[in-house]
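Engineer: Just dropping this structure here.
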Amino acid sequence: MGQMNRRTVRDLRRGNRSTLLRQLYFQGPVSRQELGTLTGLSSGSVSNVVGELLADGLVEEAGSVESDGGRPRTLLRVAPGSGHLIGVDVGETHVRVELFDLTLTELARWEHPLTPGGLELEPEPVVGHILTGLDAVVAKSGAEPGKVIGVGVGVPGVVEQGDEALVHGPTAGRDAVPLERLLRTGTELPLFIDNGATAQGQAEMWFGAGRGADNAVIALIGSGVGAAIVTAGMPYRGATSSAGEWGHTVVQVGGRACRCGAVGCLEAYVGAQAVLDRYGRRAGGVYGGAEEDAAAAGAGAGVGAAAGVGACLGAGEDQQAAFAAIVGAAGTEARAREVLEETAAYLGAGIADLINLFNPERIILGGWAGLLLGGRMLPRIRAATAAYALHRPYAQTEIGLAELGPDAVALGAATLPLAHFLATGRAR
């Protein structure tokens with residue numbers, strides 16, 4: 001019985017430590033008195049736990065404020081330099097590694113471009129790039145490896161969590177890649193692996209357009225299409241962590257072929273490569289066909305936006321530049337305008353499905369292609385959504401743009417070890 005009581009007290013203290021640390025992280029700087037009000041903990045519990053956090057160097061004083069009729073109150077905050085976080089974005093066109101302090105201020109970055117469809121997308125080369133990037137950002141920042149709280153890795157596909165993280169990538173034809181085990185051969189840093197959309201969605205909920213919402217969907221569009229679904233403040237993962245594969249919901253029976261092997265998927269209509277292919281010019285992707293190239297040529301695609309897209313691709317620039325050229329020309333070039341209007345209609349239908357299924361407070365449109373498209377077509381996307389969604393839930397849903405920028409997957413990945421830190425109250 002005594003052992004059980006000691007274990008219960010230890011668990012209680014650990015819980016109090018996590019509770020206070022979360023409040024200091026998201027609400028700080030705050031005083032001890034404010035911490036008591038925010039958490040409901042007694043002044044004695046607050047004082048004891050804050051003393052531990054100060055002694056461990058995880059919390060520091062941050063000035064003081066006047067109090068009514070008494071001594072000034074000391075403000076406290078999480079110490080930015082008490083630990084470091086690393087976020088890794090494994091995309092279809094790059095591997096990006098970023099190192100942050102504990103308040104997610106970027107201190108170092110490393111990036112390696114990938115050729116879509118090339119051999120570098122195989123698991124072993126990708127692992128090699130990640131490990132090289134880890135060494136590079138630690139060296140560049142001067143961070144002590146022992147102060148790195150963890151490495152978050154955001155990847156495309158389904159991440160199966162268990163004794164080790166396995167990555168299933170149906171669009172790349174890979175199944176059960178033991179990414180965690182492969183990385184373990186080259187680093188001893190704590191690893192946290194998850195779907196990139198889920199990781200970026202967590203960052204938007206904590207620091208971006210999702211703040212203050214308990215039920216939201218962060219819809220991300222880039223080369224692929226995915227979504228992070230948040231219900232009651234928690235990510236919805238489904239029975240085997242594959243929830244959120246929004247890009248592979250069907251919007252057209254018997255429609256365009258998708259990289260996943262099915263037909264009619266949303267990604268085959270609104271993904272960046274699909275938009276380029278429907279426009280009539282290829283950018284190294286797998287969609288499209290000769291009939292679309294012919295249709296584009298017949299629509300006068302040799303001038304205007306087509307010339308801009310062709311110039312981008314001819315100069316060896318990436319998919320993003322080609323996509324941006326189409327978006328930029330939509331005001332003057334009929335073919336570009338037609339394709340974007342059609343894309344907005346399909347996207348509206350896909351967002352309507354999210355509203356009808358999950359009844360969120362907010363739909364947040366992000367990803368580099370989503371932000372480019374939403375920046376120009378958001379009113380049209382909202383109108384298309386209204387045409388397909390049930391009236392009442394649509395009227396209760398805000399549809400807006402993500403706030404953390406087009407390349408926030410690495411930042412989102414860094415929130416994976418940050419969440420562990422806040423839950424446990426310990427850096428390592």
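For the structure tokens, the naming scheme is as follows: chains receive sequential letters (A, B, ...) according to their order of presentation, residues are indexed from 1 within each chain, and ligands are indexed from 1 in presentation order.
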For Thr39 of chain A, please output as a list in words all residues within 8 Å (counting only C-alpha atoms; exclusion window: fewer than 3 positions along the same chain).

Structural biologist: Thr19, Leu20, Gln23, Leu35 and Gly36 of chain A

Engineer: With only C-alpha atoms as the counted atoms, please give the residues lying no more than 8 Å from Asp353 of chain A, apart from itself and same-chain residues fewer than 3 positions off, as a PDB file with all heavy atoms, in the first residue's frame.

Structural biologist:
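The file below, around-v2.pdb, is the result:
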```
ATOM      1  N   ALA A 349     -15.799  21.300 -53.149  1.00  0.00           N
ATOM      2  CA  ALA A 349     -16.507  20.041 -52.898  1.00  0.00           C
ATOM      3  C   ALA A 349     -15.786  19.221 -51.830  1.00  0.00           C
ATOM      4  O   ALA A 349     -16.419  18.623 -50.949  1.00  0.00           O
ATOM      5  CB  ALA A 349     -16.620  19.242 -54.188  1.00  0.00           C
ATOM      6  N   GLY A 350     -14.453  19.194 -51.889  1.00  0.00           N
ATOM      7  CA  GLY A 350     -13.694  18.460 -50.879  1.00  0.00           C
ATOM      8  C   GLY A 350     -13.830  19.060 -49.500  1.00  0.00           C
ATOM      9  O   GLY A 350     -13.948  18.341 -48.501  1.00  0.00           O
ATOM     10  N   ASN A 356     -19.328  18.502 -43.691  1.00  0.00           N
ATOM     11  CA  ASN A 356     -20.454  17.601 -43.455  1.00  0.00           C
ATOM     12  C   ASN A 356     -20.081  16.438 -42.543  1.00  0.00           C
ATOM     13  O   ASN A 356     -20.906  15.953 -41.762  1.00  0.00           O
ATOM     14  CB  ASN A 356     -20.977  17.064 -44.781  1.00  0.00           C
ATOM     15  CG  ASN A 356     -21.637  18.135 -45.630  1.00  0.00           C
ATOM     16  OD1 ASN A 356     -21.969  19.219 -45.131  1.00  0.00           O
ATOM     17  ND2 ASN A 356     -21.819  17.868 -46.908  1.00  0.00           N
ATOM     18  N   LEU A 357     -18.840  15.966 -42.630  1.00  0.00           N
ATOM     19  CA  LEU A 357     -18.407  14.820 -41.830  1.00  0.00           C
ATOM     20  C   LEU A 357     -18.023  15.200 -40.406  1.00  0.00           C
ATOM     21  O   LEU A 357     -18.366  14.496 -39.457  1.00  0.00           O
ATOM     22  CB  LEU A 357     -17.211  14.132 -42.508  1.00  0.00           C
ATOM     23  CG  LEU A 357     -17.521  13.248 -43.708  1.00  0.00           C
ATOM     24  CD1 LEU A 357     -16.227  12.865 -44.417  1.00  0.00           C
ATOM     25  CD2 LEU A 357     -18.268  11.993 -43.259  1.00  0.00           C
ATOM     26  N   TYR A 388     -21.944  22.912 -51.955  1.00  0.00           N
ATOM     27  CA  TYR A 388     -21.925  21.465 -51.725  1.00  0.00           C
ATOM     28  C   TYR A 388     -22.159  21.071 -50.269  1.00  0.00           C
ATOM     29  O   TYR A 388     -22.522  19.923 -50.000  1.00  0.00           O
ATOM     30  CB  TYR A 388     -20.586  20.877 -52.184  1.00  0.00           C
ATOM     31  CG  TYR A 388     -20.385  20.920 -53.674  1.00  0.00           C
ATOM     32  CD1 TYR A 388     -19.525  21.851 -54.248  1.00  0.00           C
ATOM     33  CD2 TYR A 388     -21.054  20.042 -54.523  1.00  0.00           C
ATOM     34  CE1 TYR A 388     -19.328  21.904 -55.621  1.00  0.00           C
ATOM     35  CE2 TYR A 388     -20.875  20.084 -55.894  1.00  0.00           C
ATOM     36  CZ  TYR A 388     -20.010  21.023 -56.438  1.00  0.00           C
ATOM     37  OH  TYR A 388     -19.831  21.073 -57.795  1.00  0.00           O
ATOM     38  N   ALA A 389     -21.944  21.990 -49.331  1.00  0.00           N
ATOM     39  CA  ALA A 389     -22.068  21.648 -47.914  1.00  0.00           C
ATOM     40  C   ALA A 389     -23.503  21.840 -47.428  1.00  0.00           C
ATOM     41  O   ALA A 389     -24.280  22.617 -47.999  1.00  0.00           O
ATOM     42  CB  ALA A 389     -21.122  22.517 -47.087  1.00  0.00           C
TER      43      ALA A 389
END
```

Engineer: Skipping near chain neighbours, those fewer than 3 positions away, what residues fall within 9 Å of Gly169 of chain A using only C-alpha atoms, listed as a PyMOL selection string?

Structural biologist: chain A and resi 156-159+172-177+260

Engineer: When you count only C-alpha atoms, which of these residues is closest to Gly375 of chain A: A:Asn195, A:Pro178, A:Gln396, A:Leu401?

Structural biologist: A:Leu401

Engineer: When you count only C-alpha atoms, which of these residues is closest to Glu180 of chain A: A:Val9, A:Ala203, A:Val155, A:Leu347?

Structural biologist: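 Of the candidates, the smallest distance to Glu180 of chain A is held by A:Val155.
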
Engineer: Could you give me, as number ranges by chain, each residue of segment 20-223 of chain A that DSSP assigns to strand (DSSP E) when run on this structure's backbone?

Structural biologist: A: 30-31, 59-65, 73-78, 84-90, 94-101, 106-113, 148-155, 158-160, 166-169, 174-177, 191-195, 216-221

Engineer: Contacts between segment 218-225 of chain A and segment 327-427 of chain A, please, where a residue of segment 327-427 of chain A counts if it comes within 12 Å (with only C-alpha atoms); show its shortest atom pair and distance in Å to one decimal, rows by chain and ascending number, as JSON lines.

Structural biologist:
```
{"residue": "A:Thr343", "atom": "CA", "partner": "A:Ile221", "partner_atom": "CA", "distance": 11.7}
{"residue": "A:Leu347", "atom": "CA", "partner": "A:Ile221", "partner_atom": "CA", "distance": 9.9}
{"residue": "A:Gly348", "atom": "CA", "partner": "A:Ala219", "partner_atom": "CA", "distance": 11.6}
{"residue": "A:Gly350", "atom": "CA", "partner": "A:Ala219", "partner_atom": "CA", "distance": 9.8}
{"residue": "A:Ile351", "atom": "CA", "partner": "A:Ala219", "partner_atom": "CA", "distance": 8.3}
{"residue": "A:Ala352", "atom": "CA", "partner": "A:Ala219", "partner_atom": "CA", "distance": 11.9}
{"residue": "A:Asp353", "atom": "CA", "partner": "A:Ala219", "partner_atom": "CA", "distance": 11.9}
{"residue": "A:Leu354", "atom": "CA", "partner": "A:Ala219", "partner_atom": "CA", "distance": 9.3}
{"residue": "A:Ile355", "atom": "CA", "partner": "A:Ala219", "partner_atom": "CA", "distance": 11.6}
{"residue": "A:Pro360", "atom": "CA", "partner": "A:Ile218", "partner_atom": "CA", "distance": 10.2}
{"residue": "A:Glu361", "atom": "CA", "partner": "A:Ile218", "partner_atom": "CA", "distance": 11.1}
{"residue": "A:Arg362", "atom": "CA", "partner": "A:Ile218", "partner_atom": "CA", "distance": 8.2}
{"residue": "A:Ile363", "atom": "CA", "partner": "A:Ile218", "partner_atom": "CA", "distance": 6.0}
{"residue": "A:Ile364", "atom": "CA", "partner": "A:Ile218", "partner_atom": "CA", "distance": 4.6}
{"residue": "A:Leu365", "atom": "CA", "partner": "A:Ala219", "partner_atom": "CA", "distance": 4.9}
{"residue": "A:Gly366", "atom": "CA", "partner": "A:Leu220", "partner_atom": "CA", "distance": 4.7}
{"residue": "A:Gly367", "atom": "CA", "partner": "A:Leu220", "partner_atom": "CA", "distance": 4.6}
{"residue": "A:Trp368", "atom": "CA", "partner": "A:Gly222", "partner_atom": "CA", "distance": 5.6}
{"residue": "A:Ala369", "atom": "CA", "partner": "A:Gly222", "partner_atom": "CA", "distance": 4.8}
{"residue": "A:Gly370", "atom": "CA", "partner": "A:Ile221", "partner_atom": "CA", "distance": 4.7}
{"residue": "A:Leu371", "atom": "CA", "partner": "A:Ile221", "partner_atom": "CA", "distance": 8.1}
{"residue": "A:Leu372", "atom": "CA", "partner": "A:Ile221", "partner_atom": "CA", "distance": 9.7}
{"residue": "A:Leu373", "atom": "CA", "partner": "A:Ile221", "partner_atom": "CA", "distance": 9.2}
{"residue": "A:Gly374", "atom": "CA", "partner": "A:Ile221", "partner_atom": "CA", "distance": 10.2}
{"residue": "A:Glu398", "atom": "CA", "partner": "A:Ile218", "partner_atom": "CA", "distance": 11.7}
{"residue": "A:Ile399", "atom": "CA", "partner": "A:Ile218", "partner_atom": "CA", "distance": 10.0}
{"residue": "A:Gly400", "atom": "CA", "partner": "A:Ile218", "partner_atom": "CA", "distance": 9.8}
{"residue": "A:Leu401", "atom": "CA", "partner": "A:Ile218", "partner_atom": "CA", "distance": 9.2}
{"residue": "A:Ala402", "atom": "CA", "partner": "A:Ile218", "partner_atom": "CA", "distance": 7.9}
{"residue": "A:Glu403", "atom": "CA", "partner": "A:Ile218", "partner_atom": "CA", "distance": 11.1}
{"residue": "A:Leu404", "atom": "CA", "partner": "A:Ile218", "partner_atom": "CA", "distance": 11.8}
{"residue": "A:Gly405", "atom": "CA", "partner": "A:Leu220", "partner_atom": "CA", "distance": 11.5}
{"residue": "A:Pro406", "atom": "CA", "partner": "A:Gly222", "partner_atom": "CA", "distance": 9.0}
{"residue": "A:Asp407", "atom": "CA", "partner": "A:Gly222", "partner_atom": "CA", "distance": 9.9}
{"residue": "A:Ala408", "atom": "CA", "partner": "A:Leu220", "partner_atom": "CA", "distance": 10.6}
{"residue": "A:Val409", "atom": "CA", "partner": "A:Leu220", "partner_atom": "CA", "distance": 10.2}
```

Engineer: Which residue gives the smallest distance to Arg392 of chain A among A:Trp246, A:Glu338, A:Asn359, A:Tyr279, with only C-alpha atoms counted?

Structural biologist: A:Asn359

Engineer: From a DSSP pass on the backbone, collect the residues of segment 8-50 of chain A flagged as alpha helix (DSSP H) and hand them back as a ChimeraX atom specification.

Structural biologist: /A:8-27,32-39,43-50

Engineer: I want to know what sits within 8 Å of Ala336 of chain A, based on only C-alpha atoms, with residues of the same chain fewer than 4 positions away left out; could you give that as a ChimeraX atom specification?

Structural biologist: /A:279,305,326-327,329-330,340

Engineer: Rounded to one decimal in Å, what is the spacing between atom CA of Glu34 of chain A and atom CA of Asp11 of chain A?

Structural biologist: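 The value is 23.5 Å.
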
Engineer: Counting only C-alpha atoms, which of A:Leu378, A:Ala79, A:Ala268, A:Ala243 gets nearest to Gly255 of chain A?

Structural biologist: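 Among A:Leu378, A:Ala79, A:Ala268, A:Ala243, it is A:Ala268 that comes nearest to Gly255 of chain A.
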